[in-house]
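Novice: Got a structure here, written out as structure tokens. Questions coming.
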Amino acid sequence: MNTASIDLPETALTALGTTQDKLGREILVAAVVKWFELGILSQGKAAEILGLSRAEFLDVLSRYRVSAWQYSKEELDEELSLG
């Protein structure tokens, strides 16, 4: 397991509504959700990184208001033209 360190001001905990114990996990979840949203990670890989099942990861996406269906405009156009 790799470790990363981030320096944040004390006010970050209050602004984010979390505790120091939970902050690292919250940052990791937010990063993984964003990477999924950008198409960098698949659902399966994102769930694996977080130690979750795919169903649990879908719940996380819902909490972050990120669609589980990530398609580019080109992919959508292709899907619609096939129908």
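FYI, nothing fancy with the structure tokens labels: chains A, B, ... in order, residues from 1 per chain, ligands from 1 as they appear.
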If we count only C-alpha atoms, what is near region 45-54 of chain A at a cut-off of 12 Å, once residues fewer than 6 positions away on the same chain are taken out, given as a list in words?
Specialist: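 Residues near the query, excluding close chain neighbours: Met1, Asn2, Gly24, Arg25, Glu26, Ile27, Leu28, Val29, Ala30, Ala31, Val32, Val33, Lys34, Trp35, Phe36, Glu37, Leu38, Gly39, Val60, Leu61 and Ala68 of chain A.
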Novice: May I have all residues of chain A that DSSP, computed from the backbone, assigns to helix (DSSP H, G or I), given as a PyMOL selection string?
Specialist: chain A and resi 11-16+20-37+43-50+54-63+73-82
Novice: Which polymer residues have any atom within 12 Å of an atom of region 7-11 of chain A, counting only C-alpha atoms, with same-chain residues fewer than 3 positions away left out, as a ChimeraX atom specification?
Specialist: /A:4,14-20,23-24,27
Novice: Would you compute the distance between CA of Leu41 (chain A) and CA of Ser72 (chain A)? Give it in Å to one decimal.
Specialist: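 Separation of CA of Leu41 (chain A) and CA of Ser72 (chain A): 14.3 Å.
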